[in-house]
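As provided, structure_32.pdb (PDB, C-alpha atoms) reads as follows.
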ATOM      1  CA  MET A  19      -8.488  79.341   3.792
ATOM      2  CA  GLU A  20      -6.322  81.040   6.393
ATOM      3  CA  LYS A  21      -3.816  78.556   7.748
ATOM      4  CA  GLY A  22      -2.777  78.262  11.363
ATOM      5  CA  LYS A  23       0.868  79.080  11.990
ATOM      6  CA  LYS A  24       1.710  75.718  13.548
ATOM      7  CA  ILE A  25       0.672  72.064  13.360
ATOM      8  CA  TRP A  26       1.061  69.729  16.324
ATOM      9  CA  MET A  27       2.736  66.455  15.393
ATOM     10  CA  ASP A  28       3.430  63.733  17.956
ATOM     11  CA  GLY A  29       4.089  66.063  20.847
ATOM     12  CA  ARG A  30       5.660  69.092  19.211
ATOM     13  CA  LEU A  31       4.569  72.108  17.222
ATOM     14  CA  VAL A  32       6.077  72.465  13.758
ATOM     15  CA  ASN A  33       5.674  75.142  11.112
ATOM     16  CA  TRP A  34       2.730  74.573   8.772
ATOM     17  CA  LYS A  35       4.987  74.045   5.721
ATOM     18  CA  ASP A  36       7.152  71.544   7.594
ATOM     19  CA  ALA A  37       4.306  69.225   8.666
ATOM     20  CA  ASN A  38       5.213  66.394   6.294
ATOM     21  CA  VAL A  39       4.977  62.588   6.302
ATOM     22  CA  HIS A  40       6.853  59.835   4.496
ATOM     23  CA  ILE A  41       5.463  58.710   1.125
ATOM     24  CA  LEU A  42       5.092  55.168   2.508
ATOM     25  CA  THR A  43       2.826  56.293   5.336
ATOM     26  CA  HIS A  44       0.447  53.339   5.593
ATOM     27  CA  THR A  45      -2.742  55.395   5.971
ATOM     28  CA  LEU A  46      -1.943  57.266   2.752
ATOM     29  CA  HIS A  47      -2.044  53.965   0.843
ATOM     30  CA  TYR A  48      -4.795  52.004   2.569
ATOM     31  CA  GLY A  49      -6.975  54.527   4.418
ATOM     32  CA  LEU A  50      -6.922  53.182   7.975
ATOM     33  CA  GLY A  51      -6.837  56.328  10.050
ATOM     34  CA  VAL A  52      -9.336  58.242  12.170
ATOM     35  CA  PHE A  53     -10.015  61.916  12.589
ATOM     36  CA  GLU A  54     -12.286  64.516  14.117
ATOM     37  CA  GLY A  55     -13.741  67.796  12.951
ATOM     38  CA  ILE A  56     -14.096  70.407  15.684
ATOM     39  CA  ARG A  57     -14.941  74.106  15.536
ATOM     40  CA  PHE A  58     -13.949  76.979  17.752
ATOM     41  CA  TYR A  59     -15.724  80.305  17.599
ATOM     42  CA  CYS A  60     -14.951  83.899  18.495
ATOM     43  CA  THR A  61     -17.637  84.667  21.076
ATOM     44  CA  GLU A  62     -19.344  87.971  21.753
ATOM     45  CA  ASP A  63     -16.766  88.857  24.418
ATOM     46  CA  LYS A  64     -13.973  88.289  21.843
ATOM     47  CA  ARG A  65     -12.712  85.098  23.481
ATOM     48  CA  SER A  66     -12.305  81.847  21.554
ATOM     49  CA  ALA A  67     -14.417  78.872  22.613
ATOM     50  CA  VAL A  68     -14.313  75.272  21.397
ATOM     51  CA  TYR A  69     -17.775  73.830  20.772
ATOM     52  CA  ARG A  70     -18.566  70.581  22.625
ATOM     53  CA  PHE A  71     -14.890  69.866  23.093
ATOM     54  CA  PRO A  72     -15.103  66.803  25.413
ATOM     55  CA  GLU A  73     -17.580  65.012  23.144
ATOM     56  CA  HIS A  74     -15.307  65.440  20.123
ATOM     57  CA  THR A  75     -12.244  64.181  21.959
ATOM     58  CA  GLU A  76     -14.181  61.192  23.268
ATOM     59  CA  ARG A  77     -15.400  60.375  19.758
ATOM     60  CA  LEU A  78     -11.850  60.529  18.398
ATOM     61  CA  PHE A  79     -10.747  57.930  20.930
ATOM     62  CA  ALA A  80     -13.869  55.841  20.292
ATOM     63  CA  SER A  81     -13.087  55.847  16.564
ATOM     64  CA  ALA A  82      -9.513  54.774  17.268
ATOM     65  CA  HIS A  83     -10.752  51.973  19.522
ATOM     66  CA  ILE A  84     -13.105  50.698  16.819
ATOM     67  CA  ALA A  85     -10.253  50.841  14.293
ATOM     68  CA  GLN A  86      -7.890  49.038  16.719
ATOM     69  CA  MET A  87      -5.488  51.954  16.842
ATOM     70  CA  ASP A  88      -3.899  52.757  20.205
ATOM     71  CA  ILE A  89      -3.355  56.509  20.373
ATOM     72  CA  PRO A  90      -0.006  57.048  22.138
ATOM     73  CA  PHE A  91      -1.438  59.976  24.127
ATOM     74  CA  SER A  92      -4.213  60.237  26.708
ATOM     75  CA  GLN A  93      -7.444  62.132  26.083
ATOM     76  CA  GLY A  94      -6.175  64.819  28.434
ATOM     77  CA  GLU A  95      -2.929  65.136  26.497
ATOM     78  CA  ILE A  96      -4.741  65.405  23.163
ATOM     79  CA  SER A  97      -7.136  68.014  24.585
ATOM     80  CA  ALA A  98      -4.195  70.044  25.899
ATOM     81  CA  ALA A  99      -2.458  69.717  22.522
ATOM     82  CA  ILE A 100      -5.570  71.018  20.733
ATOM     83  CA  ILE A 101      -5.673  74.078  22.991
ATOM     84  CA  LYS A 102      -1.940  74.609  22.451
ATOM     85  CA  THR A 103      -2.388  74.406  18.681
ATOM     86  CA  ILE A 104      -5.281  76.878  18.729
ATOM     87  CA  LYS A 105      -3.202  79.356  20.723
ATOM     88  CA  ALA A 106      -0.251  78.920  18.358
ATOM     89  CA  SER A 107      -2.455  79.346  15.272
ATOM     90  CA  GLY A 108      -3.033  83.064  15.669
ATOM     91  CA  LEU A 109      -6.716  82.530  14.806
ATOM     92  CA  LYS A 110      -9.759  83.613  16.827
ATOM     93  CA  ASP A 111     -12.134  81.150  15.177
ATOM     94  CA  GLY A 112     -11.689  78.176  12.918
ATOM     95  CA  TYR A 113     -11.711  74.449  12.365
ATOM     96  CA  ILE A 114      -9.635  71.850  14.207
ATOM     97  CA  ARG A 115      -8.560  68.577  12.592
ATOM     98  CA  PRO A 116      -7.020  65.931  14.874
ATOM     99  CA  LEU A 117      -5.774  63.000  12.799
ATOM    100  CA  VAL A 118      -4.562  59.597  13.968
ATOM    101  CA  TYR A 119      -2.769  57.605  11.285
ATOM    102  CA  LEU A 120      -0.434  54.683  10.697
ATOM    103  CA  GLY A 121       3.076  55.754   9.798
ATOM    104  CA  ALA A 122       5.656  54.211   7.501
ATOM    105  CA  GLY A 123       6.749  50.644   8.128
ATOM    106  CA  SER A 124       5.462  47.421   6.651
ATOM    107  CA  MET A 125       3.379  47.674   3.501
ATOM    108  CA  GLY A 126       0.467  45.527   2.426
ATOM    109  CA  ILE A 127      -2.988  45.225   3.920
ATOM    110  CA  PHE A 128      -1.796  44.042   7.342
ATOM    111  CA  PRO A 129       0.136  46.767   9.192
ATOM    112  CA  LYS A 130       2.358  44.720  11.489
ATOM    113  CA  ASN A 131       4.315  47.195  13.592
ATOM    114  CA  ASN A 132       3.618  50.528  11.948
ATOM    115  CA  PRO A 133       3.704  53.364  14.475
ATOM    116  CA  VAL A 134       0.468  55.154  15.370
ATOM    117  CA  LYS A 135       1.057  58.839  14.664
ATOM    118  CA  THR A 136      -1.026  61.852  15.712
ATOM    119  CA  ALA A 137      -1.359  65.342  14.267
ATOM    120  CA  ILE A 138      -3.545  68.384  14.945
ATOM    121  CA  ALA A 139      -4.082  71.171  12.412
ATOM    122  CA  VAL A 140      -6.105  74.371  12.695
ATOM    123  CA  TRP A 141      -7.342  76.622   9.926
ATOM    124  CA  SER A 142      -9.981  79.252   9.273
ATOM    125  CA  TRP A 143     -13.060  77.741   7.599
ATOM    126  CA  GLY A 144     -16.223  79.680   6.919
ATOM    127  CA  ALA A 145     -19.604  78.240   6.008
ATOM    128  CA  TYR A 146     -18.868  74.759   4.625
ATOM    129  CA  LEU A 147     -21.762  74.842   2.152
ATOM    130  CA  GLY A 148     -21.527  78.592   1.571
ATOM    131  CA  GLU A 149     -22.858  81.680   3.310
ATOM    132  CA  GLU A 150     -25.607  81.886   0.719
ATOM    133  CA  GLY A 151     -26.557  78.300   1.525
ATOM    134  CA  LEU A 152     -26.920  79.141   5.216
ATOM    135  CA  LYS A 153     -29.326  81.940   4.324
ATOM    136  CA  ARG A 154     -31.299  80.599   1.356
ATOM    137  CA  GLY A 155     -30.835  76.844   1.603
ATOM    138  CA  ILE A 156     -29.073  74.465  -0.767
ATOM    139  CA  ARG A 157     -29.971  72.184  -3.671
ATOM    140  CA  VAL A 158     -29.530  68.481  -2.928
ATOM    141  CA  LYS A 159     -29.460  65.365  -5.115
ATOM    142  CA  VAL A 160     -29.814  61.742  -4.044
ATOM    143  CA  SER A 161     -26.594  60.047  -5.114
ATOM    144  CA  SER A 162     -26.332  56.743  -6.951
ATOM    145  CA  PHE A 163     -23.775  55.732  -4.312
ATOM    146  CA  VAL A 164     -25.262  54.209  -1.164
ATOM    147  CA  ARG A 165     -23.984  54.574   2.397
ATOM    148  CA  HIS A 166     -21.907  51.770   3.867
ATOM    149  CA  HIS A 167     -23.605  48.687   5.248
ATOM    150  CA  VAL A 168     -22.995  48.484   8.993
ATOM    151  CA  ASN A 169     -20.889  45.345   8.550
ATOM    152  CA  SER A 170     -18.884  46.463   5.526
ATOM    153  CA  CYS A 171     -17.394  49.447   7.288
ATOM    154  CA  MET A 172     -17.640  50.626  10.873
ATOM    155  CA  THR A 173     -20.193  53.419  10.610
ATOM    156  CA  LYS A 174     -19.740  54.700  14.175
ATOM    157  CA  ALA A 175     -16.112  55.650  13.556
ATOM    158  CA  LYS A 176     -14.749  58.563  11.542
ATOM    159  CA  ILE A 177     -12.413  56.375   9.516
ATOM    160  CA  ALA A 178     -10.479  58.220   6.823
ATOM    161  CA  GLY A 179     -10.947  55.618   4.088
ATOM    162  CA  SER A 180     -14.711  55.529   4.583
ATOM    163  CA  TYR A 181     -14.938  59.035   3.172
ATOM    164  CA  VAL A 182     -14.080  57.877  -0.347
ATOM    165  CA  ASN A 183     -17.793  56.979  -0.473
ATOM    166  CA  SER A 184     -18.622  60.587   0.392
ATOM    167  CA  ILE A 185     -16.181  62.029  -2.130
ATOM    168  CA  LEU A 186     -17.624  59.963  -4.973
ATOM    169  CA  ALA A 187     -21.177  60.948  -4.052
ATOM    170  CA  LYS A 188     -20.305  64.637  -3.713
ATOM    171  CA  ARG A 189     -18.407  64.741  -7.014
ATOM    172  CA  GLU A 190     -21.302  63.059  -8.771
ATOM    173  CA  VAL A 191     -23.961  65.539  -7.710
ATOM    174  CA  VAL A 192     -21.807  68.664  -7.968
ATOM    175  CA  ALA A 193     -21.051  67.707 -11.583
ATOM    176  CA  MET A 194     -24.833  67.740 -12.101
ATOM    177  CA  GLY A 195     -25.116  71.268 -10.712
ATOM    178  CA  PHE A 196     -26.245  70.499  -7.153
ATOM    179  CA  ASP A 197     -24.691  71.671  -3.895
ATOM    180  CA  GLU A 198     -24.664  68.487  -1.840
ATOM    181  CA  ALA A 199     -25.327  64.763  -2.019
ATOM    182  CA  LEU A 200     -27.858  62.768  -0.051
ATOM    183  CA  LEU A 201     -27.052  59.078   0.399
ATOM    184  CA  LEU A 202     -29.484  56.239   1.029
ATOM    185  CA  ASP A 203     -28.680  53.251   3.234
ATOM    186  CA  THR A 204     -28.396  49.716   1.865
ATOM    187  CA  ASP A 205     -32.138  49.183   2.453
ATOM    188  CA  GLY A 206     -33.031  52.240   0.391
ATOM    189  CA  TYR A 207     -33.941  54.597   3.233
ATOM    190  CA  VAL A 208     -32.469  58.074   3.659
ATOM    191  CA  ALA A 209     -29.170  57.880   5.561
ATOM    192  CA  GLU A 210     -27.283  61.195   5.548
ATOM    193  CA  GLY A 211     -25.413  63.716   3.444
ATOM    194  CA  SER A 212     -21.831  63.270   2.299
ATOM    195  CA  GLY A 213     -20.659  64.742   5.597
ATOM    196  CA  GLU A 214     -23.813  65.710   7.465
ATOM    197  CA  ASN A 215     -26.818  64.312   9.293
ATOM    198  CA  VAL A 216     -30.221  65.172   7.843
ATOM    199  CA  PHE A 217     -33.455  66.413   9.447
ATOM    200  CA  MET A 218     -36.932  66.981   8.046
ATOM    201  CA  VAL A 219     -40.018  68.742   9.420
ATOM    202  CA  LYS A 220     -43.531  67.545   8.618
ATOM    203  CA  ASP A 221     -46.742  68.692  10.314
ATOM    204  CA  GLY A 222     -44.759  70.204  13.172
ATOM    205  CA  ILE A 223     -42.729  67.037  13.883
ATOM    206  CA  LEU A 224     -38.948  67.158  13.584
ATOM    207  CA  LYS A 225     -37.590  63.851  12.296
ATOM    208  CA  THR A 226     -34.076  62.545  11.743
ATOM    209  CA  THR A 227     -32.687  59.198  10.685
ATOM    210  CA  PRO A 228     -31.760  56.786  13.500
ATOM    211  CA  LEU A 229     -28.140  55.942  14.182
ATOM    212  CA  THR A 230     -28.330  52.488  12.583
ATOM    213  CA  SER A 231     -25.976  53.197   9.688
ATOM    214  CA  VAL A 232     -24.820  56.768  10.311
ATOM    215  CA  LEU A 233     -22.295  58.510  12.519
ATOM    216  CA  LYS A 234     -23.579  59.913  15.797
ATOM    217  CA  GLY A 235     -23.242  63.562  14.911
ATOM    218  CA  ILE A 236     -22.483  65.962  17.742
ATOM    219  CA  THR A 237     -24.338  68.809  16.030
ATOM    220  CA  ARG A 238     -27.175  66.339  15.422
ATOM    221  CA  ASP A 239     -27.292  65.690  19.159
ATOM    222  CA  SER A 240     -27.246  69.445  19.812
ATOM    223  CA  VAL A 241     -30.242  69.971  17.528
ATOM    224  CA  LEU A 242     -32.204  67.203  19.230
ATOM    225  CA  THR A 243     -31.557  68.850  22.600
ATOM    226  CA  ILE A 244     -32.394  72.345  21.346
ATOM    227  CA  ALA A 245     -35.597  71.129  19.661
ATOM    228  CA  LYS A 246     -36.807  69.391  22.820
ATOM    229  CA  ASP A 247     -36.015  72.497  24.877
ATOM    230  CA  LEU A 248     -38.087  74.526  22.403
ATOM    231  CA  GLY A 249     -41.007  72.166  22.969
ATOM    232  CA  LEU A 250     -40.893  70.623  19.508
ATOM    233  CA  SER A 251     -42.003  67.072  18.821
ATOM    234  CA  VAL A 252     -38.921  65.054  17.926
ATOM    235  CA  CYS A 253     -38.732  61.646  16.268
ATOM    236  CA  GLU A 254     -35.800  59.401  15.310
ATOM    237  CA  GLU A 255     -36.980  56.961  12.652
ATOM    238  CA  ARG A 256     -36.317  55.871   9.110
ATOM    239  CA  PHE A 257     -37.899  57.750   6.242
ATOM    240  CA  THR A 258     -37.851  57.420   2.462
ATOM    241  CA  ARG A 259     -36.697  59.836  -0.189
ATOM    242  CA  ASP A 260     -40.274  60.505  -1.329
ATOM    243  CA  GLU A 261     -41.292  61.268   2.249
ATOM    244  CA  LEU A 262     -38.492  63.834   2.266
ATOM    245  CA  TYR A 263     -39.830  65.315  -0.989
ATOM    246  CA  THR A 264     -43.090  66.151   0.797
ATOM    247  CA  ALA A 265     -41.474  67.624   3.918
ATOM    248  CA  ASP A 266     -42.389  71.127   5.023
ATOM    249  CA  GLU A 267     -38.734  71.834   5.816
ATOM    250  CA  ALA A 268     -35.383  70.052   5.777
ATOM    251  CA  PHE A 269     -31.830  70.808   6.830
ATOM    252  CA  PHE A 270     -28.371  69.322   7.256
ATOM    253  CA  THR A 271     -26.347  69.386  10.472
ATOM    254  CA  GLY A 272     -22.638  68.909  11.050
ATOM    255  CA  THR A 273     -19.591  70.502  12.592
ATOM    256  CA  ALA A 274     -18.544  71.850   9.201
ATOM    257  CA  ALA A 275     -22.060  72.409   7.799
ATOM    258  CA  GLU A 276     -23.456  73.768  11.109
ATOM    259  CA  ILE A 277     -27.212  74.171  10.382
ATOM    260  CA  THR A 278     -27.686  74.396   6.611
ATOM    261  CA  PRO A 279     -31.248  74.558   5.220
ATOM    262  CA  ILE A 280     -32.252  72.384   2.246
ATOM    263  CA  ARG A 281     -34.500  74.120  -0.248
ATOM    264  CA  GLU A 282     -34.640  71.423  -2.928
ATOM    265  CA  VAL A 283     -34.122  67.658  -3.276
ATOM    266  CA  ASP A 284     -34.009  65.954  -6.702
ATOM    267  CA  LEU A 285     -35.454  69.030  -8.441
ATOM    268  CA  ARG A 286     -38.396  69.091  -6.008
ATOM    269  CA  ALA A 287     -38.869  72.138  -3.797
ATOM    270  CA  ILE A 288     -38.966  71.397  -0.084
ATOM    271  CA  GLY A 289     -41.930  73.236   1.385
ATOM    272  CA  ALA A 290     -41.905  76.797   0.105
ATOM    273  CA  GLY A 291     -38.451  76.316  -1.407
ATOM    274  CA  LYS A 292     -36.735  78.378   1.277
ATOM    275  CA  PRO A 293     -35.738  77.956   4.942
ATOM    276  CA  GLY A 294     -38.828  77.404   7.086
ATOM    277  CA  PRO A 295     -39.664  78.732  10.567
ATOM    278  CA  VAL A 296     -38.489  75.656  12.505
ATOM    279  CA  THR A 297     -35.178  75.558  10.648
ATOM    280  CA  LYS A 298     -34.586  79.273  11.166
ATOM    281  CA  LYS A 299     -35.482  79.058  14.850
ATOM    282  CA  ILE A 300     -33.074  76.174  15.511
ATOM    283  CA  GLN A 301     -30.393  77.813  13.371
ATOM    284  CA  GLY A 302     -30.741  81.072  15.322
ATOM    285  CA  VAL A 303     -30.487  79.331  18.694
ATOM    286  CA  PHE A 304     -27.464  77.339  17.529
ATOM    287  CA  PHE A 305     -25.488  80.366  16.364
ATOM    288  CA  ASN A 306     -26.336  82.259  19.548
ATOM    289  CA  ILE A 307     -24.967  79.330  21.537
ATOM    290  CA  VAL A 308     -21.651  79.064  19.679
ATOM    291  CA  LYS A 309     -21.177  82.831  19.920
ATOM    292  CA  GLY A 310     -21.633  82.683  23.694
ATOM    293  CA  LYS A 311     -24.903  84.624  23.637
ATOM    294  CA  ASN A 312     -27.074  81.900  25.172
ATOM    295  CA  LYS A 313     -25.886  81.156  28.699
ATOM    296  CA  ASP A 314     -28.347  78.272  29.063
ATOM    297  CA  TYR A 315     -25.973  76.211  26.939
ATOM    298  CA  GLY A 316     -22.740  77.566  28.337
ATOM    299  CA  ARG A 317     -21.728  74.013  29.245
ATOM    300  CA  TRP A 318     -21.146  73.335  25.538
ATOM    301  CA  LEU A 319     -18.355  75.909  25.280
ATOM    302  CA  THR A 320     -14.757  75.455  26.419
ATOM    303  CA  TYR A 321     -12.955  78.799  26.425
ATOM    304  CA  VAL A 322      -9.356  78.854  25.266
TER
END

Structure encoded using structure tokens:
Amino acid sequence: MEKGKKIWMDGRLVNWKDANVHILTHTLHYGLGVFEGIRFYCTEDKRSAVYRFPEHTERLFASAHIAQMDIPFSQGEISAAIIKTIKASGLKDGYIRPLVYLGAGSMGIFPKNNPVKTAIAVWSWGAYLGEEGLKRGIRVKVSSFVRHHVNSCMTKAKIAGSYVNSILAKREVVAMGFDEALLLDTDGYVAEGSGENVFMVKDGILKTTPLTSVLKGITRDSVLTIAKDLGLSVCEERFTRDELYTADEAFFTGTAAEITPIREVDLRAIGAGKPGPVTKKIQGVFFNIVKGKNKDYGRWLTYV
């Protein structure tokens, strides 16, 4: 991982090594904080462009609203700070992590007057599930851990503490030799990966889980738009793990994962056991878009 030179913290840029917090930072102990994951890419003309920048910033503020955290900066100020941090990073492409957290103050479950703090870090991050995974597809295992019930944790917010569920699921399946976890919802239907939305293709129909218990992924939304523009039949509805076993194709989507094919689930090959034509078509369109090669989707790029 190549680190950015600076991290933005509450209005000022500090050196990477100096971006520290107090040990009694409330979020560190209890997990109430929100964050975003955003990518910027080096486009074909060698400029850097942030992918679907406004949607990510809006989701950060929506997460904070759900978590009852008042960010002490406007959306415009956070957007400007992200651009400033990218420029200070010295990187042409990478990953952006805005984080909103509760600072040191009162301890215990109820944070009385703890300050809301904000930080933005940038680093270079390649294929989240591996370059080989992007090309050949990955091996997936249904985890014994289920996704949060909609009333046990706010599933439409990227709340830091919620990701303990993902960490446990990921550790479990990686220890078994798999690449990624698939989590079911509390009714037993397929929900999502540890940090990705999931799609399957069957008889020419592209299907993804509805947003009932999962985060509204921005890459997920991109794929739905791309698929419709390609003339594909698209469906948002629940499906079971055994329906996924019999899919012709499957793939994960996410800012970190991008478009990662799934070649196997629970030791069962998906389709031919390699990325299928629909997956490869959508993957190709997506990477052309983020590299600035497809002007039809130029609205999704914000150049730095």

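Once the PyMOL selection byres ((chain A and resi 181) around 12) is applied to the shown structure, the selection contains Gly49, Leu50, Gly51, Val52, Phe53, Arg165, His166, Cys171, Met172, Thr173, Ala175, Lys176, Ile177, Ala178, Gly179, Ser180, Val182, Asn183, Ser184, Ile185, Leu186, Ala187, Lys188, Gly211, Ser212, Gly213, Glu214 and Leu233 of chain A.
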
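Interatomic distance, CA of Val208 in chain A to CA of Ser161 in chain A: 10.7 Å.
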
Once the PyMOL selection byres ((chain A and resi 195) around 12) has been evaluated on this model, what residues remain selected, and can you format them as a ChimeraX atom specification? /A:156-159,188-194,196-199,284-285

Tell me, as an mmCIF file with C-alpha atoms, in the coordinates of the input, which residues lie within 9 Å of Lys21 in chain A, counting all atoms listed in the file; anything in the same chain fewer than 5 positions away does not count.
data_model
loop_
_atom_site.group_PDB
_atom_site.id
_atom_site.type_symbol
_atom_site.label_atom_id
_atom_site.label_comp_id
_atom_site.auth_asym_id
_atom_site.auth_seq_id
_atom_site.Cartn_x
_atom_site.Cartn_y
_atom_site.Cartn_z
ATOM 1 C CA TRP A 34 2.730 74.573 8.772
ATOM 2 C CA SER A 107 -2.455 79.346 15.272
ATOM 3 C CA LEU A 109 -6.716 82.530 14.806
ATOM 4 C CA ALA A 139 -4.082 71.171 12.412
ATOM 5 C CA VAL A 140 -6.105 74.371 12.695
ATOM 6 C CA TRP A 141 -7.342 76.622 9.926
ATOM 7 C CA SER A 142 -9.981 79.252 9.273
#

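CA of Ile56 in chain A to CA of Tyr146 in chain A spans 12.8 Å [interatomic distance, one decimal].
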
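Closest to Thr271 in chain A among A:Gly235, A:Gly310, A:Gly22, A:Pro133 is A:Gly235, based on all atoms listed in the file.
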
Residues around (-34.8, 57.3, 8.7), cut-off 9 Å, counting only C-alpha atoms - what are they as JSON, numbers by chain? {"A": [207, 208, 209, 225, 226, 227, 228, 229, 230, 254, 255, 256, 257, 258]}

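Separating CA of Gly155 in chain A from CA of Ile288 in chain A is a distance of 9.9 Å.
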
Using the chain letters and numbering of this document, enumerate as a ChimeraX atom specification the residues selected by the PyMOL selection byres ((chain A and resi 252) around 9). /A:223-226,242,245-246,249-251,253-254

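For the residues A:Arg65, A:His44, A:Lys110, A:Arg70, ranking by smallest atom-to-atom distance to Tyr315 in chain A using only C-alpha atoms places A:Arg70 first.
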
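Comparing the minimum interatomic distances between Gly302 in chain A and each of A:Ile244, A:Ile114, A:Ala67, A:Val168, counting only C-alpha atoms, we find that A:Ile244 sits nearest.
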
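Closest approach to Trp318 in chain A from the set A:Ala85, A:Phe91, A:Phe304, A:Asn215 is made by A:Phe304, with distances taken over all atoms listed in the file.
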
Could you check which of A:Ala290, A:Ile300, A:Ile127, A:Ala137 is closest to Asn38 in chain A, using all atoms listed in the file? A:Ala137

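When only C-alpha atoms are used to compute distances to Pro116 in chain A, the closest of the residues A:Lys298, A:Lys292, A:His74, A:Arg30 turns out to be A:His74.
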
9 Å contact set for Asp28 in chain A, all atoms listed in the file, chain neighbours under 3 positions out, as a short mmCIF file (atom, residue, chain, number, x, y, z; two decimals) with C-alpha atoms, keeping the file's coordinate frame:
data_model
loop_
_atom_site.label_atom_id
_atom_site.label_comp_id
_atom_site.auth_asym_id
_atom_site.auth_seq_id
_atom_site.Cartn_x
_atom_site.Cartn_y
_atom_site.Cartn_z
CA LEU A 31 4.57 72.11 17.22
CA PRO A 90 -0.01 57.05 22.14
CA PHE A 91 -1.44 59.98 24.13
CA LYS A 135 1.06 58.84 14.66
CA THR A 136 -1.03 61.85 15.71
CA ALA A 137 -1.36 65.34 14.27
CA ILE A 138 -3.54 68.38 14.94
#

Shell of 12 Å around Lys153 in chain A, all atoms listed in the file, local chain residues under 3 positions omitted, as a list in words: Ala145, Leu147, Gly148, Glu149, Glu150, Ile156, Phe269, Ile277, Thr278, Pro279, Ile280, Arg281, Lys292, Pro293, Gly294, Thr297, Lys298, Gln301 and Gly302 of chain A

For C-alpha atoms, I'd like the residues from the last selection saved as a PDB file, in the coordinates of the input.
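Saved file out19.pdb follows:
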ATOM      1  CA  ALA A 145     -19.604  78.240   6.008  1.00  0.00           C
ATOM      2  CA  LEU A 147     -21.762  74.842   2.152  1.00  0.00           C
ATOM      3  CA  GLY A 148     -21.527  78.592   1.571  1.00  0.00           C
ATOM      4  CA  GLU A 149     -22.858  81.680   3.310  1.00  0.00           C
ATOM      5  CA  GLU A 150     -25.607  81.886   0.719  1.00  0.00           C
ATOM      6  CA  ILE A 156     -29.073  74.465  -0.767  1.00  0.00           C
ATOM      7  CA  PHE A 269     -31.830  70.808   6.830  1.00  0.00           C
ATOM      8  CA  ILE A 277     -27.212  74.171  10.382  1.00  0.00           C
ATOM      9  CA  THR A 278     -27.686  74.396   6.611  1.00  0.00           C
ATOM     10  CA  PRO A 279     -31.248  74.558   5.220  1.00  0.00           C
ATOM     11  CA  ILE A 280     -32.252  72.384   2.246  1.00  0.00           C
ATOM     12  CA  ARG A 281     -34.500  74.120  -0.248  1.00  0.00           C
ATOM     13  CA  LYS A 292     -36.735  78.378   1.277  1.00  0.00           C
ATOM     14  CA  PRO A 293     -35.738  77.956   4.942  1.00  0.00           C
ATOM     15  CA  GLY A 294     -38.828  77.404   7.086  1.00  0.00           C
ATOM     16  CA  THR A 297     -35.178  75.558  10.648  1.00  0.00           C
ATOM     17  CA  LYS A 298     -34.586  79.273  11.166  1.00  0.00           C
ATOM     18  CA  GLN A 301     -30.393  77.813  13.371  1.00  0.00           C
ATOM     19  CA  GLY A 302     -30.741  81.072  15.322  1.00  0.00           C
TER      20      GLY A 302
END
